[in-house]
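**Q** Here you go, structure19.cif (mmCIF, C-alpha atoms):
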data_query
loop_
_atom_site.label_atom_id
_atom_site.label_comp_id
_atom_site.auth_asym_id
_atom_site.auth_seq_id
_atom_site.Cartn_x
_atom_site.Cartn_y
_atom_site.Cartn_z
CA MET A 213 0.00 0.00 0.00
CA GLY A 214 1.55 3.28 -1.08
CA ALA A 215 2.51 5.88 1.46
CA THR A 216 0.56 9.11 1.41
CA ILE A 217 2.65 12.23 1.03
CA ALA A 218 1.02 15.29 2.55
CA LEU A 219 2.28 18.75 1.65
CA THR A 220 1.37 21.71 3.82
CA ALA A 221 2.02 25.36 3.11
CA LEU A 222 1.91 27.42 6.28
CA ALA A 223 0.69 30.96 5.84
CA ALA A 224 1.53 33.84 8.14
CA ASN A 225 -1.10 34.86 10.68
CA ALA A 226 -3.23 37.44 8.88
CA CYS A 227 -4.20 39.13 12.14
CA ALA A 228 -0.57 39.92 12.85
CA GLY A 229 -0.16 41.75 9.57
CA PRO A 230 2.40 40.97 6.86
CA ALA A 231 5.66 39.61 8.18
CA PRO A 232 8.84 41.31 7.02
CA ILE A 233 10.71 38.71 4.97
CA THR A 234 13.58 40.53 3.32
CA GLY A 235 16.42 42.76 4.37
CA GLN A 236 17.88 42.87 7.85
CA ALA A 237 16.57 40.28 10.30
CA THR A 238 13.96 41.72 12.63
CA SER A 239 13.75 38.74 15.00
CA SER A 240 16.39 36.88 16.95
CA LEU A 241 17.64 33.64 15.46
CA ALA A 242 17.44 32.22 18.97
CA GLU A 243 13.72 31.84 18.31
CA PHE A 244 14.55 29.28 15.62
CA VAL A 245 16.84 27.02 17.65
CA PRO A 246 15.04 23.67 18.11
CA SER A 247 14.35 22.43 21.61
CA ALA A 248 12.26 19.79 23.34
CA GLU A 249 9.55 22.43 23.79
CA ASN A 250 9.79 23.73 20.22
CA GLN A 251 10.98 20.82 18.11
CA ASP A 252 10.36 22.36 14.69
CA PRO A 253 10.69 26.16 14.81
CA SER A 254 10.65 26.30 11.02
CA LEU A 255 6.87 25.89 11.06
CA THR A 256 6.57 29.60 11.87
CA ILE A 257 8.57 30.68 8.81
CA PRO A 258 6.25 32.19 6.17
CA GLY A 259 6.17 30.08 3.01
CA ILE A 260 7.54 26.88 4.54
CA VAL A 261 6.32 23.64 2.94
CA THR A 262 6.48 20.31 4.77
CA ALA A 263 5.99 16.68 3.82
CA GLU A 264 5.76 13.37 5.64
CA LEU A 265 8.21 11.08 3.82
CA PRO A 266 9.39 7.56 4.70
CA PRO A 267 13.18 7.48 5.25
CA GLY A 268 15.66 4.72 4.53
CA LEU A 269 14.54 3.88 0.97
CA HIS A 270 17.64 3.35 -1.18
CA VAL A 271 18.16 3.09 -4.93
CA THR A 272 21.23 2.11 -6.94
CA SER A 273 23.58 4.49 -8.71
CA THR A 274 21.82 3.92 -12.03
CA GLN A 275 18.22 4.25 -10.86
CA ARG A 276 16.04 7.37 -11.04
CA VAL A 277 13.39 8.38 -8.52
CA ALA A 278 10.04 9.80 -9.64
CA TYR A 279 10.31 12.95 -7.53
CA PRO A 280 7.16 15.06 -7.93
CA GLU A 281 9.26 18.20 -8.36
CA ILE A 282 12.86 19.34 -8.56
CA PRO A 283 14.39 19.97 -6.14
CA PRO A 284 12.72 17.40 -3.90
CA LEU A 285 12.57 17.63 -0.12
CA GLY A 286 13.07 13.93 0.58
CA GLY A 287 12.08 10.48 -0.59
CA PRO A 288 13.96 7.45 -1.94
CA HIS A 289 17.61 8.21 -2.60
CA ASP A 290 20.97 6.79 -3.62
CA ALA A 291 22.70 4.64 -1.02
CA ARG A 292 25.69 7.00 -1.23
CA TRP A 293 25.16 10.52 0.02
CA ALA A 294 26.65 13.64 -1.50
CA ALA A 295 29.35 15.18 0.67
CA CYS A 296 27.58 17.91 2.62
CA ASP A 297 30.19 19.16 5.08
CA GLY A 298 30.20 22.75 3.88
CA VAL A 299 30.54 21.90 0.18
CA VAL A 300 29.65 24.25 -2.68
CA TYR A 301 29.35 22.35 -5.95
CA ASP A 302 29.97 24.37 -9.09
CA THR A 303 28.01 21.95 -11.27
CA ALA A 304 24.57 20.42 -10.84
CA VAL A 305 24.67 17.21 -8.79
CA ARG A 306 22.59 14.06 -9.14
CA THR A 307 19.44 14.62 -7.12
CA GLU A 308 19.29 11.13 -5.64
CA ASN A 309 22.66 11.64 -3.91
CA LEU A 310 21.73 15.02 -2.47
CA VAL A 311 18.45 13.73 -1.04
CA HIS A 312 20.44 11.23 1.02
CA SER A 313 22.37 14.19 2.47
CA LEU A 314 19.07 15.63 3.68
CA GLU A 315 18.38 12.38 5.54
CA HIS A 316 21.62 12.96 7.47
CA GLY A 317 20.47 16.39 8.64
CA ALA A 318 21.90 18.63 5.94
CA VAL A 319 20.39 21.80 4.54
CA TRP A 320 20.70 21.96 0.74
CA ILE A 321 20.68 25.36 -0.94
CA ALA A 322 19.75 25.01 -4.61
CA TYR A 323 19.75 27.95 -6.99
CA ASN A 324 19.09 28.76 -10.63
CA PRO A 325 22.38 30.11 -12.03
CA ALA A 326 20.52 32.03 -14.73
CA THR A 327 18.42 34.05 -12.29
CA VAL A 328 20.71 34.42 -9.25
CA SER A 329 23.46 37.00 -9.73
CA ALA A 330 27.12 36.27 -9.07
CA GLN A 331 26.96 38.58 -6.05
CA ASP A 332 23.95 36.73 -4.63
CA GLN A 333 25.66 33.40 -5.28
CA GLU A 334 28.57 34.63 -3.15
CA THR A 335 26.13 35.61 -0.40
CA LEU A 336 24.75 32.07 -0.43
CA ARG A 337 28.22 30.49 -0.60
CA ALA A 338 29.20 32.30 2.60
CA LYS A 339 26.38 30.49 4.41
CA VAL A 340 27.73 27.11 3.27
CA ILE A 341 31.53 27.01 2.95
CA ASP A 342 33.17 25.11 5.83
CA LYS A 343 29.86 24.76 7.66
CA GLN A 344 28.99 21.20 8.54
CA TYR A 345 25.67 19.74 7.29
CA THR A 346 25.32 22.41 4.62
CA VAL A 347 25.58 21.98 0.85
CA MET A 348 24.91 24.15 -2.20
CA SER A 349 24.52 23.38 -5.89
CA PRO A 350 23.03 24.91 -9.03
CA ILE A 351 20.03 23.48 -10.83
CA PRO A 352 19.73 24.85 -14.37
CA ASP A 353 16.22 26.04 -15.32
CA MET A 354 14.92 25.62 -11.77
CA ALA A 355 11.53 27.31 -11.49
CA ASP A 356 12.48 29.49 -8.51
CA PRO A 357 15.68 31.48 -8.06
CA ILE A 358 16.51 29.85 -4.70
CA SER A 359 15.13 26.77 -2.97
CA LEU A 360 16.14 25.52 0.49
CA GLN A 361 15.67 21.86 1.45
CA SER A 362 16.01 19.83 4.61
CA TRP A 363 14.35 16.46 5.12
CA GLY A 364 10.61 17.01 4.71
CA HIS A 365 10.97 20.80 4.52
CA GLN A 366 11.29 23.29 1.68
CA LEU A 367 11.35 27.05 1.27
CA LYS A 368 11.43 28.83 -2.10
CA LEU A 369 12.83 32.35 -2.28
CA ASP A 370 13.66 35.16 -4.67
CA SER A 371 16.51 36.89 -2.82
CA ALA A 372 19.78 35.79 -1.20
CA ASP A 373 19.25 38.58 1.35
CA ASP A 374 15.97 37.11 2.61
CA GLU A 375 16.16 36.73 6.39
CA ARG A 376 14.27 33.43 6.16
CA ILE A 377 17.39 31.71 4.84
CA ASP A 378 19.18 31.98 8.19
CA GLN A 379 15.96 31.10 10.00
CA PHE A 380 15.59 27.92 7.94
CA ILE A 381 19.21 26.88 8.50
CA THR A 382 19.04 27.56 12.23
CA ALA A 383 15.80 25.63 12.63
CA LEU A 384 16.59 22.59 10.51
CA ARG A 385 20.31 21.93 10.09
CA GLU A 386 21.05 18.86 12.27
CA ASN A 387 17.65 19.26 13.93
CA PRO A 388 17.46 16.11 16.09
CA TYR A 389 13.66 16.10 15.94
CA THR A 390 13.28 16.28 12.15
CA THR A 391 16.42 14.45 10.96
CA PRO A 392 15.76 10.76 10.18
CA GLU A 393 19.39 9.70 10.77
CA VAL A 394 20.58 11.81 13.67
CA GLY A 395 24.36 11.75 14.02
CA ALA A 396 25.06 10.38 10.54
CA THR A 397 28.12 11.99 8.99
CA CYS A 398 28.14 14.44 6.10
CA SER A 399 31.65 13.44 5.13
CA SER A 400 31.57 11.09 2.16
CA PRO A 401 35.14 10.10 1.21
CA SER A 402 34.11 8.07 -1.83
CA PHE A 403 32.00 10.90 -3.28
CA ASP A 404 33.85 12.93 -5.92
CA ARG A 405 33.51 16.56 -4.90
CA THR A 406 35.25 17.89 -8.01
CA ALA A 407 33.34 15.75 -10.53
CA PRO A 408 30.16 14.58 -8.78
CA PRO A 409 27.53 12.42 -10.48
CA PRO A 410 25.74 14.88 -12.78
CA PHE A 411 22.18 16.09 -12.48
CA ASP A 412 19.85 14.56 -15.08
CA PRO A 413 17.34 17.19 -16.29
CA SER A 414 15.24 14.70 -18.25
CA ALA A 415 11.95 13.38 -16.91
CA PRO A 416 12.22 10.03 -15.09
CA GLY A 417 11.08 7.10 -17.24
CA PRO A 418 8.42 4.49 -16.47
CA ASP A 419 10.98 2.40 -14.61
CA ALA A 420 11.69 5.18 -12.07
CA VAL A 421 11.34 4.27 -8.41
CA PRO A 422 8.07 5.69 -6.98
CA MET A 423 8.06 7.94 -3.93
CA ASP A 424 6.84 5.13 -1.68
CA GLY A 425 9.76 2.97 -2.78
#
Re-express the file's structure as structure tokens.

**A**
Amino acid sequence: MGATIALTALAANACAGPAPITGQATSSLAEFVPSAENQDPSLTIPGIVTAELPPGLHVTSTQRVAYPEIPPLGGPHDARWAACDGVVYDTAVRTENLVHSLEHGAVWIAYNPATVSAQDQETLRAKVIDKQYTVMSPIPDMADPISLQSWGHQLKLDSADDERIDQFITALRENPYTTPEVGATCSSPSFDRTAPPPFDPSAPGPDAVPMDG
């Protein structure tokens, strides 16, 4: 019996008025640190999308997964994870490897290189380089300029200066309450960081692995 995948977009409280979402942060990032009392602070971020996805479903290095959209926020994935210990990939990386990184607690920053300026790319890079459980890669022709992913969470943005980027990272990177494999490493010695498995922009074929594995 197939698993049901529920997506939920959480809107800001209309009574509170429109939340400022760009420019200088107006709230303390301490509010977004997960705790036993507030296990998923990201749920208060305007525009966040969540999904219930079964972890631990592996595919081989030659298989595709029928992700409903690119980039995905979880689902079946390659048994080998993409190195995600503060790595910025200059080329688009195979999606199935990056999804495994999410299962380990990583935040993946994806961006469209045609719509995100070089200056904004540098702004995003600074949030990733040498920071554990963080990874960044381009996705050509991605619908949105910027898309943030952690396991079961996604946030799509237009600007690298949006304060929600730091909120998302603070709330979800290595979050012990939302990470399926808490404590799993982001180092991946056998994964080629300079020539990673390439992203396949074509639609998955009829033999693609479904989202319920």

**Q** Name the residues captured by the PyMOL selection byres ((chain A and resi 243-255) around 7) when it is applied to the shown file; answer as a list of chain:residue names.

**A** A:Ser240, A:Leu241, A:Ala242, A:Thr256, A:Ile257, A:Ile260, A:Gln379, A:Phe380, A:Thr382, A:Ala383, A:Asn387, A:Tyr389

**Q** Find the residue from A:Pro288, A:Pro401, A:Pro418, A:Pro413 that sits nearest to A:Leu269; use all atoms listed in the file when measuring.

**A** A:Pro288

**Q** To verify the selection step, state as a PyMOL selection string which residues the PyMOL selection byres ((chain A and resi 365) around 6) yields on this input.

**A** chain A and resi 261-262+285+361-364+366

**Q** Once the PyMOL selection byres ((chain A and resi 311) around 12) has been applied to the shown file, what residues remain in the selection, as a VMD selection string?

**A** chain A and resid 265 267 to 271 277 279 282 to 296 305 to 310 312 to 322 347 361 to 365 392

**Q** So that each row is one residue of stretch 352-393 of chain A with an atom at most 12 Å from stretch 328-339 of chain A, can you give its shortest atom pair and the distance in Å to one decimal, using all atoms listed in the file, rows by chain and rising number, as JSON lines?

**A**
{"residue": "A:Pro352", "atom": "CA", "partner": "A:Val328", "partner_atom": "CA", "distance": 10.9}
{"residue": "A:Asp353", "atom": "CA", "partner": "A:Val328", "partner_atom": "CA", "distance": 11.3}
{"residue": "A:Met354", "atom": "CA", "partner": "A:Val328", "partner_atom": "CA", "distance": 10.8}
{"residue": "A:Ala355", "atom": "CA", "partner": "A:Val328", "partner_atom": "CA", "distance": 11.8}
{"residue": "A:Asp356", "atom": "CA", "partner": "A:Val328", "partner_atom": "CA", "distance": 9.6}
{"residue": "A:Pro357", "atom": "CA", "partner": "A:Val328", "partner_atom": "CA", "distance": 5.9}
{"residue": "A:Ile358", "atom": "CA", "partner": "A:Val328", "partner_atom": "CA", "distance": 7.7}
{"residue": "A:Ser359", "atom": "CA", "partner": "A:Leu336", "partner_atom": "CA", "distance": 11.3}
{"residue": "A:Leu360", "atom": "CA", "partner": "A:Leu336", "partner_atom": "CA", "distance": 10.9}
{"residue": "A:Leu369", "atom": "CA", "partner": "A:Val328", "partner_atom": "CA", "distance": 10.7}
{"residue": "A:Asp370", "atom": "CA", "partner": "A:Val328", "partner_atom": "CA", "distance": 8.4}
{"residue": "A:Ser371", "atom": "CA", "partner": "A:Asp332", "partner_atom": "CA", "distance": 7.7}
{"residue": "A:Ala372", "atom": "CA", "partner": "A:Asp332", "partner_atom": "CA", "distance": 5.5}
{"residue": "A:Asp373", "atom": "CA", "partner": "A:Thr335", "partner_atom": "CA", "distance": 7.7}
{"residue": "A:Asp374", "atom": "CA", "partner": "A:Leu336", "partner_atom": "CA", "distance": 10.6}
{"residue": "A:Glu375", "atom": "CA", "partner": "A:Leu336", "partner_atom": "CA", "distance": 11.9}
{"residue": "A:Ile377", "atom": "CA", "partner": "A:Leu336", "partner_atom": "CA", "distance": 9.1}
{"residue": "A:Asp378", "atom": "CA", "partner": "A:Lys339", "partner_atom": "CA", "distance": 8.3}
{"residue": "A:Gln379", "atom": "CA", "partner": "A:Lys339", "partner_atom": "CA", "distance": 11.8}
{"residue": "A:Phe380", "atom": "CA", "partner": "A:Lys339", "partner_atom": "CA", "distance": 11.6}
{"residue": "A:Ile381", "atom": "CA", "partner": "A:Lys339", "partner_atom": "CA", "distance": 9.0}
{"residue": "A:Thr382", "atom": "CA", "partner": "A:Lys339", "partner_atom": "CA", "distance": 11.1}
{"residue": "A:Arg385", "atom": "CA", "partner": "A:Lys339", "partner_atom": "CA", "distance": 11.9}

**Q** Pick out the closest residue to A:Met348 from this set: A:Gly298, A:Gly259, A:Pro325, A:Pro266. Count only C-alpha atoms.

**A** A:Gly298

**Q** Restricting the calculation to all atoms listed in the file: of A:Pro410, A:Ile341, A:Ala415, A:Pro258, which residue gets closest to A:Ser273?

**A**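 Closest to A:Ser273, using all atoms listed in the file: A:Pro410.
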
**Q** In Å, rounded to a single decimal, give me how far atom CA of A:Arg405 is from atom CA of A:Ala304.

**A** 11.4 Å

**Q** Rank nothing, just name the residue among A:Phe403, A:Tyr345, A:Phe411, A:Tyr301 nearest to A:Glu386, using only C-alpha atoms.

**A**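 Of all the options, A:Tyr345 lies closest to A:Glu386.
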
**Q** Atom CA of A:Ile351 to atom CA of A:Asp412: how many Å, to one decimal?

**A** 9.9 Å

**Q** By how many Å are atom CA of A:Ala278 and atom CA of A:Val421 apart?

**A**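 Taking atom CA of A:Ala278 as the start and atom CA of A:Val421 as the end point, the length is 5.8 Å.
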
**Q** Measuring between only C-alpha atoms, which one of A:Thr391, A:Ser349, A:Gln344, A:Thr274 shows the shortest distance to A:Pro408?

**A**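 Smallest distance to A:Pro408 is found for A:Ser349.
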
**Q** Looking at A:Asn324, A:Asp302, A:Asp297, A:Pro388, which one is nearest to A:Lys343, with distances taken over all atoms listed in the file?

**A** A:Asp297
